[in-house]
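**Q** Sharing model26.cif below, mmCIF, C-alpha atoms and all ligand atoms:
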```cif
data_start
loop_
_atom_site.label_atom_id
_atom_site.label_comp_id
_atom_site.auth_asym_id
_atom_site.auth_seq_id
_atom_site.Cartn_x
_atom_site.Cartn_y
_atom_site.Cartn_z
CA MET A 16 -40.99 47.76 16.50
CA PHE A 17 -43.33 45.37 14.70
CA ASP A 18 -46.74 46.43 13.51
CA ILE A 19 -48.00 43.24 15.13
CA LYS A 20 -48.34 43.72 18.89
CA LEU A 21 -47.96 40.06 19.81
CA LEU A 22 -44.51 39.85 18.20
CA ASN A 23 -43.25 42.69 20.41
CA ARG A 24 -43.65 40.78 23.64
CA LEU A 25 -40.78 38.40 23.12
CA THR A 26 -38.50 37.17 25.92
CA ILE A 27 -35.25 35.81 24.51
CA GLN A 28 -33.70 32.76 26.15
CA LEU A 29 -30.00 32.74 25.39
CA ASP A 30 -28.10 29.70 26.65
CA LEU A 31 -24.40 30.44 27.17
CA THR A 32 -23.79 26.75 27.85
CA ASN A 33 -25.77 23.54 28.19
CA PHE A 34 -23.21 22.31 30.71
CA CYS A 35 -23.89 22.13 34.45
CA ASN A 36 -21.65 21.35 37.42
CA LEU A 37 -24.46 19.73 39.42
CA SER A 38 -26.54 16.65 38.83
CA CYS A 39 -29.91 17.51 40.35
CA ILE A 40 -32.41 14.69 40.77
CA MET A 41 -35.18 16.39 38.75
CA CYS A 42 -33.00 17.60 35.87
CA ASP A 43 -32.11 15.63 32.76
CA SER A 44 -29.38 18.00 31.53
CA LYS A 45 -26.84 15.22 32.08
CA ASN A 46 -28.46 13.38 29.16
CA TYR A 47 -27.92 16.14 26.60
CA LYS A 48 -25.85 15.08 23.64
CA LYS A 49 -23.25 17.80 23.07
CA LYS A 50 -21.79 19.85 25.90
CA GLN A 51 -20.75 23.27 24.70
CA PHE A 52 -20.10 26.95 25.46
CA MET A 53 -21.23 29.77 23.20
CA LYS A 54 -18.30 31.27 21.30
CA ARG A 55 -17.53 34.92 21.99
CA ASP A 56 -17.97 36.00 18.33
CA LEU A 57 -21.35 34.32 18.09
CA PHE A 58 -22.43 35.91 21.39
CA GLU A 59 -21.43 39.34 20.07
CA LYS A 60 -23.34 38.83 16.81
CA ILE A 61 -26.50 37.66 18.60
CA SER A 62 -26.28 40.42 21.22
CA THR A 63 -25.91 43.08 18.50
CA GLU A 64 -29.06 41.78 16.83
CA ILE A 65 -30.93 41.73 20.14
CA VAL A 66 -30.13 45.32 21.13
CA ARG A 67 -30.72 46.57 17.59
CA ASP A 68 -33.81 44.58 16.52
CA PHE A 69 -35.41 43.66 19.88
CA PRO A 70 -34.49 46.66 22.08
CA ASP A 71 -37.20 46.00 24.68
CA ALA A 72 -36.95 42.23 24.98
CA PRO A 73 -35.86 40.81 28.34
CA VAL A 74 -32.97 38.37 27.87
CA ARG A 75 -32.83 35.24 30.00
CA MET A 76 -29.17 34.37 29.83
CA HIS A 77 -29.76 30.74 30.69
CA MET A 78 -31.84 27.87 29.42
CA HIS A 79 -30.48 24.38 30.12
CA GLY A 80 -27.03 25.00 31.54
CA GLU A 81 -25.31 26.96 34.31
CA SER A 82 -24.40 30.25 32.63
CA THR A 83 -21.88 31.29 35.27
CA LEU A 84 -19.67 28.35 34.22
CA HIS A 85 -18.95 30.02 30.89
CA PRO A 86 -15.21 30.80 31.08
CA GLU A 87 -15.88 34.31 29.73
CA PHE A 88 -19.11 34.98 31.66
CA CYS A 89 -18.00 38.36 33.06
CA GLY A 90 -16.58 39.49 29.71
CA LEU A 91 -19.80 38.53 27.93
CA LEU A 92 -21.81 40.69 30.34
CA ASP A 93 -19.43 43.57 29.51
CA ILE A 94 -19.95 43.04 25.77
CA PHE A 95 -23.72 43.12 26.19
CA SER A 96 -23.50 46.19 28.40
CA GLU A 97 -21.44 48.09 25.80
CA LEU A 98 -23.81 47.13 22.98
CA LYS A 99 -26.81 48.15 25.06
CA LYS A 100 -25.23 51.58 25.55
CA LYS A 101 -24.27 51.90 21.88
CA TYR A 102 -27.81 51.17 20.68
CA SER A 103 -29.56 52.82 23.67
CA SER A 104 -31.65 49.71 24.13
CA ASN A 105 -33.75 48.75 27.15
CA ASN A 106 -32.82 45.07 27.31
CA MET A 107 -32.17 43.70 30.78
CA ILE A 108 -30.66 40.35 31.68
CA GLU A 109 -32.19 37.67 33.88
CA ILE A 110 -29.95 34.95 35.29
CA SER A 111 -30.89 31.66 36.91
CA THR A 112 -28.10 29.93 38.79
CA ASN A 113 -27.31 27.17 41.25
CA GLY A 114 -25.16 29.75 43.05
CA GLN A 115 -21.99 27.64 43.16
CA TYR A 116 -19.80 30.33 41.63
CA SER A 117 -16.72 32.33 42.63
CA ASP A 118 -16.74 35.86 44.13
CA LYS A 119 -15.86 37.60 40.86
CA ILE A 120 -19.26 36.53 39.46
CA THR A 121 -21.05 38.44 42.24
CA ASP A 122 -19.14 41.58 41.28
CA ALA A 123 -19.98 41.14 37.59
CA LEU A 124 -23.69 40.62 38.34
CA ILE A 125 -23.77 43.95 40.15
CA ASP A 126 -21.18 46.03 38.30
CA SER A 127 -22.37 45.26 34.77
CA GLY A 128 -25.53 47.22 35.65
CA ILE A 129 -27.57 45.18 33.18
CA VAL A 130 -28.64 42.23 35.32
CA TYR A 131 -32.21 42.77 36.43
CA SER A 132 -32.66 39.58 38.45
CA VAL A 133 -30.74 36.59 39.74
CA THR A 134 -32.76 33.48 40.54
CA PHE A 135 -31.05 31.08 42.92
CA SER A 136 -32.23 27.48 42.65
CA VAL A 137 -32.40 26.34 46.28
CA ASP A 138 -35.14 23.74 46.94
CA ALA A 139 -34.20 23.13 50.58
CA SER A 140 -33.83 24.75 53.96
CA ASP A 141 -30.77 22.80 55.09
CA SER A 142 -27.66 21.20 53.66
CA LYS A 143 -28.90 17.63 54.16
CA VAL A 144 -31.93 17.98 51.86
CA TYR A 145 -30.14 20.43 49.55
CA GLU A 146 -27.29 18.05 48.87
CA LYS A 147 -29.69 15.14 48.37
CA ILE A 148 -31.60 17.07 45.68
CA ARG A 149 -28.88 19.27 44.19
CA ARG A 150 -26.25 16.58 43.94
CA GLY A 151 -22.71 17.97 43.86
CA GLY A 152 -23.80 21.34 45.30
CA ASP A 153 -22.68 22.91 48.57
CA PHE A 154 -25.43 24.63 50.58
CA ASP A 155 -22.93 26.85 52.41
CA ILE A 156 -21.52 28.22 49.14
CA LEU A 157 -25.03 28.97 47.94
CA LEU A 158 -25.85 30.83 51.17
CA LYS A 159 -22.57 32.74 51.03
CA ASN A 160 -23.15 33.88 47.43
CA PHE A 161 -26.77 34.82 48.09
CA GLU A 162 -25.84 36.92 51.12
CA GLN A 163 -22.85 38.41 49.35
CA LEU A 164 -25.06 39.68 46.55
CA LEU A 165 -27.39 41.37 49.05
CA SER A 166 -24.60 42.88 51.13
CA LYS A 167 -22.64 44.16 48.11
CA ASN A 168 -25.81 45.72 46.73
CA ILE A 169 -26.14 47.63 49.98
CA ASP A 170 -22.44 48.60 50.07
CA ARG A 171 -22.62 49.96 46.52
CA LYS A 172 -26.03 51.55 47.01
CA THR A 173 -27.42 49.67 44.01
CA THR A 174 -30.92 48.26 43.62
CA LEU A 175 -30.27 45.68 40.93
CA PRO A 176 -30.17 42.80 40.61
CA TYR A 177 -33.26 41.65 42.47
CA THR A 178 -32.85 38.20 43.96
CA TYR A 179 -35.35 35.37 43.62
CA LEU A 180 -35.08 32.16 45.62
CA GLN A 181 -36.65 29.19 43.91
CA PHE A 182 -38.09 26.14 45.65
CA ILE A 183 -39.47 23.42 43.38
CA VAL A 184 -41.77 21.41 45.59
CA MET A 185 -41.18 17.63 45.46
CA GLU A 186 -41.41 14.59 47.70
CA GLU A 187 -37.91 15.11 49.05
CA ASN A 188 -38.46 18.65 50.29
CA GLN A 189 -42.17 19.26 50.81
CA HIS A 190 -41.74 19.01 54.60
CA GLN A 191 -39.37 22.02 54.45
CA ILE A 192 -41.69 24.55 52.87
CA ASP A 193 -42.37 26.48 56.06
CA ASP A 194 -38.75 26.26 57.21
CA PHE A 195 -37.53 27.51 53.84
CA ALA A 196 -39.84 30.54 53.84
CA ALA A 197 -38.94 31.34 57.45
CA LYS A 198 -35.19 30.85 57.11
CA PHE A 199 -34.80 32.99 54.03
CA SER A 200 -37.24 35.65 55.22
CA ILE A 201 -34.97 36.08 58.25
CA LEU A 202 -31.90 36.27 56.02
CA TYR A 203 -33.52 38.90 53.82
CA LYS A 204 -34.58 40.92 56.84
CA LYS A 205 -30.95 40.97 58.00
CA TYR A 206 -30.38 43.19 54.94
CA GLY A 207 -33.48 45.30 55.45
CA ILE A 208 -35.55 43.49 52.82
CA THR A 209 -39.02 42.00 53.22
CA PRO A 210 -39.38 39.49 50.40
CA VAL A 211 -42.58 38.72 48.52
CA ILE A 212 -43.61 35.06 48.80
CA GLU A 213 -45.00 33.71 45.52
CA LYS A 214 -46.62 30.43 44.54
CA ASP A 215 -46.38 28.87 41.08
CA TYR A 216 -45.26 30.68 37.96
CA PHE A 217 -46.99 33.99 37.88
CA PHE A 218 -45.42 36.92 39.61
CA LYS A 219 -47.45 39.85 40.75
CA GLU A 220 -44.66 42.36 41.19
CA MET A 221 -41.40 42.20 39.29
CA ASP A 222 -39.47 44.86 41.21
CA LYS A 223 -39.34 42.97 44.49
CA HIS A 224 -37.07 40.33 45.99
CA ARG A 225 -38.99 37.06 46.07
CA ILE A 226 -39.20 33.62 47.63
CA MET A 227 -40.89 31.46 45.00
CA PHE A 228 -42.54 28.06 45.32
CA LEU A 229 -42.98 26.36 41.97
CA ARG A 230 -45.26 23.89 40.31
CA LYS A 231 -46.71 21.54 42.90
CA ILE A 232 -48.45 24.22 44.93
CA VAL A 233 -52.01 25.11 44.06
CA GLY A 234 -54.19 27.24 46.28
CA GLU A 235 -53.42 28.56 49.70
CA ASP A 236 -53.00 25.37 51.68
CA PHE A 237 -49.40 24.17 51.87
CA ASN A 238 -50.57 21.04 53.69
CA SER A 239 -52.65 19.82 50.77
CA LEU A 240 -49.66 18.81 48.63
CA LYS A 241 -50.20 15.62 46.67
CA GLN A 242 -48.36 13.82 43.89
CA GLN A 243 -46.76 15.68 40.99
CA LYS A 244 -49.05 13.83 38.58
CA TYR A 245 -52.08 15.41 40.19
CA PHE A 246 -50.68 18.89 39.62
CA ASP A 247 -49.52 18.04 36.11
CA ASP A 248 -53.08 16.95 35.37
CA LEU A 249 -54.45 20.18 36.76
CA HIS A 250 -52.05 22.07 34.52
CA LEU A 251 -53.14 20.04 31.49
CA GLN A 252 -56.73 20.60 32.41
CA SER A 253 -56.27 24.33 32.56
CA ILE A 254 -54.57 24.54 29.14
CA HIS A 255 -56.97 22.17 27.45
CA ASN A 256 -60.18 23.00 29.28
CA VAL A 257 -60.88 19.28 29.65
CA ILE A 258 -60.00 16.75 32.30
CA PRO A 259 -57.32 14.25 31.22
CA LYS A 260 -58.16 10.59 31.74
CA LYS A 261 -55.65 9.61 34.38
CA SER A 262 -56.25 5.85 34.21
CA ASP A 263 -55.99 5.72 30.41
CA ASN A 264 -52.51 4.32 29.83
CA SER A 265 -52.57 2.15 26.68
CA ASP A 266 -50.92 3.67 23.61
CA SER A 267 -54.03 3.78 21.46
CA LYS A 268 -56.11 5.21 24.28
CA LYS A 269 -53.37 7.72 25.02
CA THR A 270 -53.38 8.85 21.38
CA ARG A 271 -57.14 9.28 21.41
CA THR A 272 -56.93 11.24 24.63
CA VAL A 273 -54.25 13.55 23.19
CA GLU A 274 -56.37 14.09 20.06
CA LYS A 275 -59.35 14.90 22.21
CA LEU A 276 -57.29 17.29 24.30
CA ASN A 277 -55.87 19.02 21.27
CA GLN A 278 -59.36 19.61 19.88
CA PHE A 279 -59.87 22.22 22.60
CA ARG A 280 -56.29 23.11 23.29
CA TYR A 281 -55.24 26.73 23.20
CA PRO A 282 -52.19 27.48 21.02
CA CYS A 283 -49.13 27.73 23.22
CA PRO A 284 -48.47 31.40 24.03
CA GLY A 285 -44.81 30.38 24.21
CA LEU A 286 -44.66 30.47 20.40
CA TRP A 287 -45.30 34.24 20.54
CA LEU A 288 -43.63 35.09 23.82
CA TYR A 289 -40.39 33.06 23.97
CA ILE A 290 -37.65 31.79 21.74
CA GLY A 291 -34.74 29.56 22.69
CA ILE A 292 -31.17 30.08 21.48
CA HIS A 293 -28.74 27.22 22.09
CA PRO A 294 -24.97 27.67 22.68
CA ASP A 295 -24.18 26.67 19.07
CA GLY A 296 -26.60 29.28 17.69
CA THR A 297 -29.43 26.86 16.96
CA VAL A 298 -32.85 28.43 17.53
CA SER A 299 -35.74 26.37 18.95
CA PRO A 300 -39.40 27.35 19.40
CA CYS A 301 -38.94 27.37 23.18
CA CYS A 302 -36.88 26.03 26.06
CA GLN A 303 -38.61 22.62 26.06
CA ASP A 304 -36.20 21.35 23.42
CA PRO A 305 -32.95 20.65 25.27
CA ASP A 306 -31.13 19.08 22.33
CA GLY A 307 -32.19 21.72 19.83
CA SER A 308 -33.95 19.03 17.77
CA PHE A 309 -36.72 21.31 16.50
CA VAL A 310 -34.64 23.74 14.53
CA LEU A 311 -36.06 27.05 13.36
CA GLY A 312 -32.67 28.22 12.14
CA ASN A 313 -29.09 28.90 13.21
CA LEU A 314 -27.77 32.33 14.14
CA ASN A 315 -24.30 31.64 12.77
CA ASP A 316 -25.69 32.41 9.34
CA GLU A 317 -29.22 33.74 9.89
CA LYS A 318 -30.69 36.75 11.65
CA LEU A 319 -32.86 36.35 14.75
CA ILE A 320 -35.44 38.77 13.40
CA ASP A 321 -35.77 36.71 10.20
CA ILE A 322 -36.28 33.53 12.21
CA TRP A 323 -38.77 35.21 14.55
CA THR A 324 -40.87 36.43 11.63
CA GLY A 325 -40.08 33.50 9.32
CA GLU A 326 -42.16 30.73 7.79
CA LYS A 327 -41.07 27.91 10.09
CA ILE A 328 -42.22 29.45 13.35
CA GLU A 329 -45.28 30.91 11.64
CA LYS A 330 -46.25 27.37 10.63
CA TYR A 331 -46.03 26.20 14.26
CA ARG A 332 -48.26 29.10 15.32
CA LEU A 333 -50.89 28.76 12.59
CA ASP A 334 -51.05 24.96 12.92
CA GLN A 335 -51.75 25.29 16.65
CA ILE A 336 -54.44 27.91 16.09
CA ALA A 337 -56.04 25.41 13.72
CA GLY A 338 -55.71 22.64 16.34
CA ALA A 339 -52.68 20.72 14.99
CA PHE A 340 -49.97 20.22 17.60
CA SER A 341 -46.77 18.61 16.36
CA ASN A 342 -43.56 17.92 18.29
CA PRO A 343 -42.17 19.27 20.55
CA CYS A 344 -45.59 20.63 21.56
CA SER A 345 -47.84 17.60 21.06
CA ASP A 346 -47.18 15.92 24.41
CA CYS A 347 -45.82 18.94 26.26
CA THR A 348 -47.04 19.33 29.83
CA ASN A 349 -45.23 22.63 30.31
CA GLN A 350 -47.32 24.76 27.99
CA ILE A 351 -47.79 28.13 29.62
CA GLU A 352 -51.33 28.76 30.65
CA ALA A 353 -51.77 32.38 29.77
CA GLY A 354 -49.96 35.07 27.90
CA PHE A 355 -52.35 36.94 25.69
CA SER A 356 -56.05 37.40 25.14
CA ASP A 357 -58.30 36.06 22.40
CA GLU A 358 -58.59 39.64 21.14
CA GLU A 359 -54.83 39.87 20.70
CA LEU A 360 -54.83 36.56 18.85
CA LYS A 361 -57.59 37.78 16.57
CA ASP A 362 -55.70 41.00 15.91
CA TYR A 363 -52.60 38.95 15.09
CA LEU A 364 -54.51 36.86 12.53
CA ILE A 365 -56.00 39.94 10.90
CA LYS A 366 -52.60 41.65 10.69
CA ILE A 367 -50.94 38.65 9.01
CA GLY A 368 -53.87 38.26 6.59
CA LYS A 369 -55.19 34.96 8.03
CA SER A 370 -58.48 36.10 9.54
CA GLU A 371 -60.22 32.98 8.18
CA LEU A 372 -58.35 31.00 10.86
CA TRP A 373 -60.15 32.95 13.58
CA GLN A 374 -63.44 31.29 12.69
CA LYS A 375 -61.81 27.86 12.67
CA PHE A 376 -60.26 28.60 16.05
CA THR A 377 -63.52 29.75 17.64
CA LEU A 378 -65.43 26.80 16.21
CA ARG A 379 -63.04 24.17 17.51
CA ARG A 380 -62.84 25.89 20.90
CA LYS A 381 -66.60 26.48 20.89
CA ILE A 382 -66.11 30.11 21.96
S1 LIG B 1 -46.31 23.64 23.97
FE1 LIG B 1 -44.49 23.19 25.22
S2 LIG B 1 -42.90 22.69 23.69
FE2 LIG B 1 -44.53 23.79 22.60
S3 LIG B 1 -43.90 25.96 22.59
FE3 LIG B 1 -45.26 25.61 24.36
S4 LIG B 1 -43.92 25.19 26.08
FE4 LIG B 1 -42.72 24.91 24.19
#
```
For this file, write the structure as structure tokens.
**A**
Amino acid sequence: MFDIKLLNRLTIQLDLTNFCNLSCIMCDSKNYKKKQFMKRDLFEKISTEIVRDFPDAPVRMHMHGESTLHPEFCGLLDIFSELKKKYSSNNMIEISTNGQYSDKITDALIDSGIVYSVTFSVDASDSKVYEKIRRGGDFDILLKNFEQLLSKNIDRKTTLPYTYLQFIVMEENQHQIDDFAAKFSILYKKYGITPVIEKDYFFKEMDKHRIMFLRKIVGEDFNSLKQQKYFDDLHLQSIHNVIPKKSDNSDSKKTRTVEKLNQFRYPCPGLWLYIGIHPDGTVSPCCQDPDGSFVLGNLNDEKLIDIWTGEKIEKYRLDQIAGAFSNPCSDCTNQIEAGFSDEELKDYLIKIGKSELWQKFTLRRKI
């Protein structure tokens, strides 16, 4: 589609709502300013642009809210499915859900034929811990919906969607890691499936059902879990190639540390690989902007392709290559660690006529 390879690897994050029916202990969605649902007309406009201008981009139909709460969720999947057929595009949908939905959602997830994966947020192996973490949720409903998806897939002889079970490791649940893997492996096997067990963010095989442990786990030893801060620091270390000073807490020292970190910091691959669309059509550089404060544009009156190739996002990218990290990226601890090679970055700079920045980049990173 684009002459520039890096711009073709986009995953689109399309938030149907920023509203959620649960109040999970690790989630700050309850603090978002405006609760809203994407209007049908806006969804149709954005979807048309996606299938026409980004025909290979995966679409994550969730970002900060629970998509299945959208009153027209099933109808919106139908709209996307029709547009996909009309434009013969390859886009597939990924859904992440707390699994507290009604039976008709299960049917839509299967029958639409466009949902590649459904990620269930679980985080526990029993109702006691589940309901402590996922406040307002019902563990039995989650189990019912998970099993229903597997059994209906078998009844209808369909492969998709794949199911992923997510366990974010935290103090409250770290004693249940083994139980969780065992319990859900048994459930999967009931339906003739042997799931892949994955640790942290990077998946080896996409076309497999998975049990995923996120964030706190590093290495092979489940018993070596420590505090979140330790793992956050490891993450920072890996993206900056320097070790953060953990004991350095004063504001001025913190600023100096951030400056030092940014001197070596790799530009966030997220600026080339992801874009976030909020329910009101606002576009943000990525999903780490829950209020849509860092506005690249609005799809009510702009085109996604123009925003994706426009000056605002280009400035974020070029500034970071040069070593300048502004908000929302400056203090972000969720920067993805990998996404493309130095060679691809160099090729990108040459293609956009900014090859002089390559030298600046290599000098500051001491490559
Ligand atoms: S650094 Fe963080 S806020 Fe910035 S684009 Fe990457 S993930 Fe998003």
**Q** From the list A:Ile120, A:Leu21, A:Ile65, A:Leu286, which residue is nearest ligand LIG 1 (chain B) when using all atoms listed in the file?
**A** A:Leu286
**Q** Using all atoms listed in the file, can you tell me which of A:Val133, A:Val184, A:Leu202, A:Leu319 comes closest to A:Ser166?
**A** A:Leu202
**Q** Find the residues with any atom within 12 Å of (-30.1, 16.5, 52.9); use only C-alpha atoms and the coordinates as given in the file, and write the answer as a list in words.
**A**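 Nearby residues: Asp138, Ala139, Ser140, Asp141, Ser142, Lys143, Val144, Tyr145, Glu146, Lys147, Ile148, Arg149, Arg150, Gly151, Gly152, Asp153, Phe154, Glu187, Asn188 and Gln191 of chain A.
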**Q** Give the padded box for ligand LIG 1 (chain B) as AutoDock Vina command-line options: axis-aligned, covering all atoms listed in the file, 5 Å on each side, centre and edge lengths in Å to one decimal.
**A**
```
--center_x -44.5 --center_y 24.3 --center_z 24.3 --size_x 13.6 --size_y 13.3 --size_z 13.5
```
**Q** Applying 10 Å and only C-alpha atoms, which residues near A:Lys159 remain after dropping the ones on its own chain fewer than 4 positions away? List them as a list in words.
**A**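 Counting only C-alpha atoms, the residues come to Gly114, Gln115, Asp118, Phe154, Asp155, Gln163 and Leu164 of chain A.
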**Q** Rounded to one decimal in Å, what is the spacing between atom CA of A:Tyr363 and atom CA of A:Arg332?
**A**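 Separation between atom CA of A:Tyr363 and atom CA of A:Arg332: 10.8 Å.
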**Q** Which residue, A:Tyr289, A:His190, A:Phe279, A:Glu329, has the smallest gap to A:Lys381 when you use all atoms listed in the file?
**A** A:Phe279
**Q** Which residues are near ligand LIG 1 (chain B) - at most 7 Å, using all atoms listed in the file? Format: as a PyMOL selection string.
**A** chain A and resi 283-286+300-304+343-345+347-351
**Q** Can you tell me, as a PyMOL selection string, what residues are no more than 9 Å from A:Phe199 when counting all atoms listed in the file, ignoring any on the same chain fewer than 5 positions away?
**A** chain A and resi 140+180+194+204+210+226
**Q** Pick from A:Ile367, A:Leu57, A:Ala72, A:Leu165: nearest to A:Glu317, with only C-alpha atoms counted?
**A**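 Residue with the minimum atom-to-atom distance to A:Glu317: A:Leu57.
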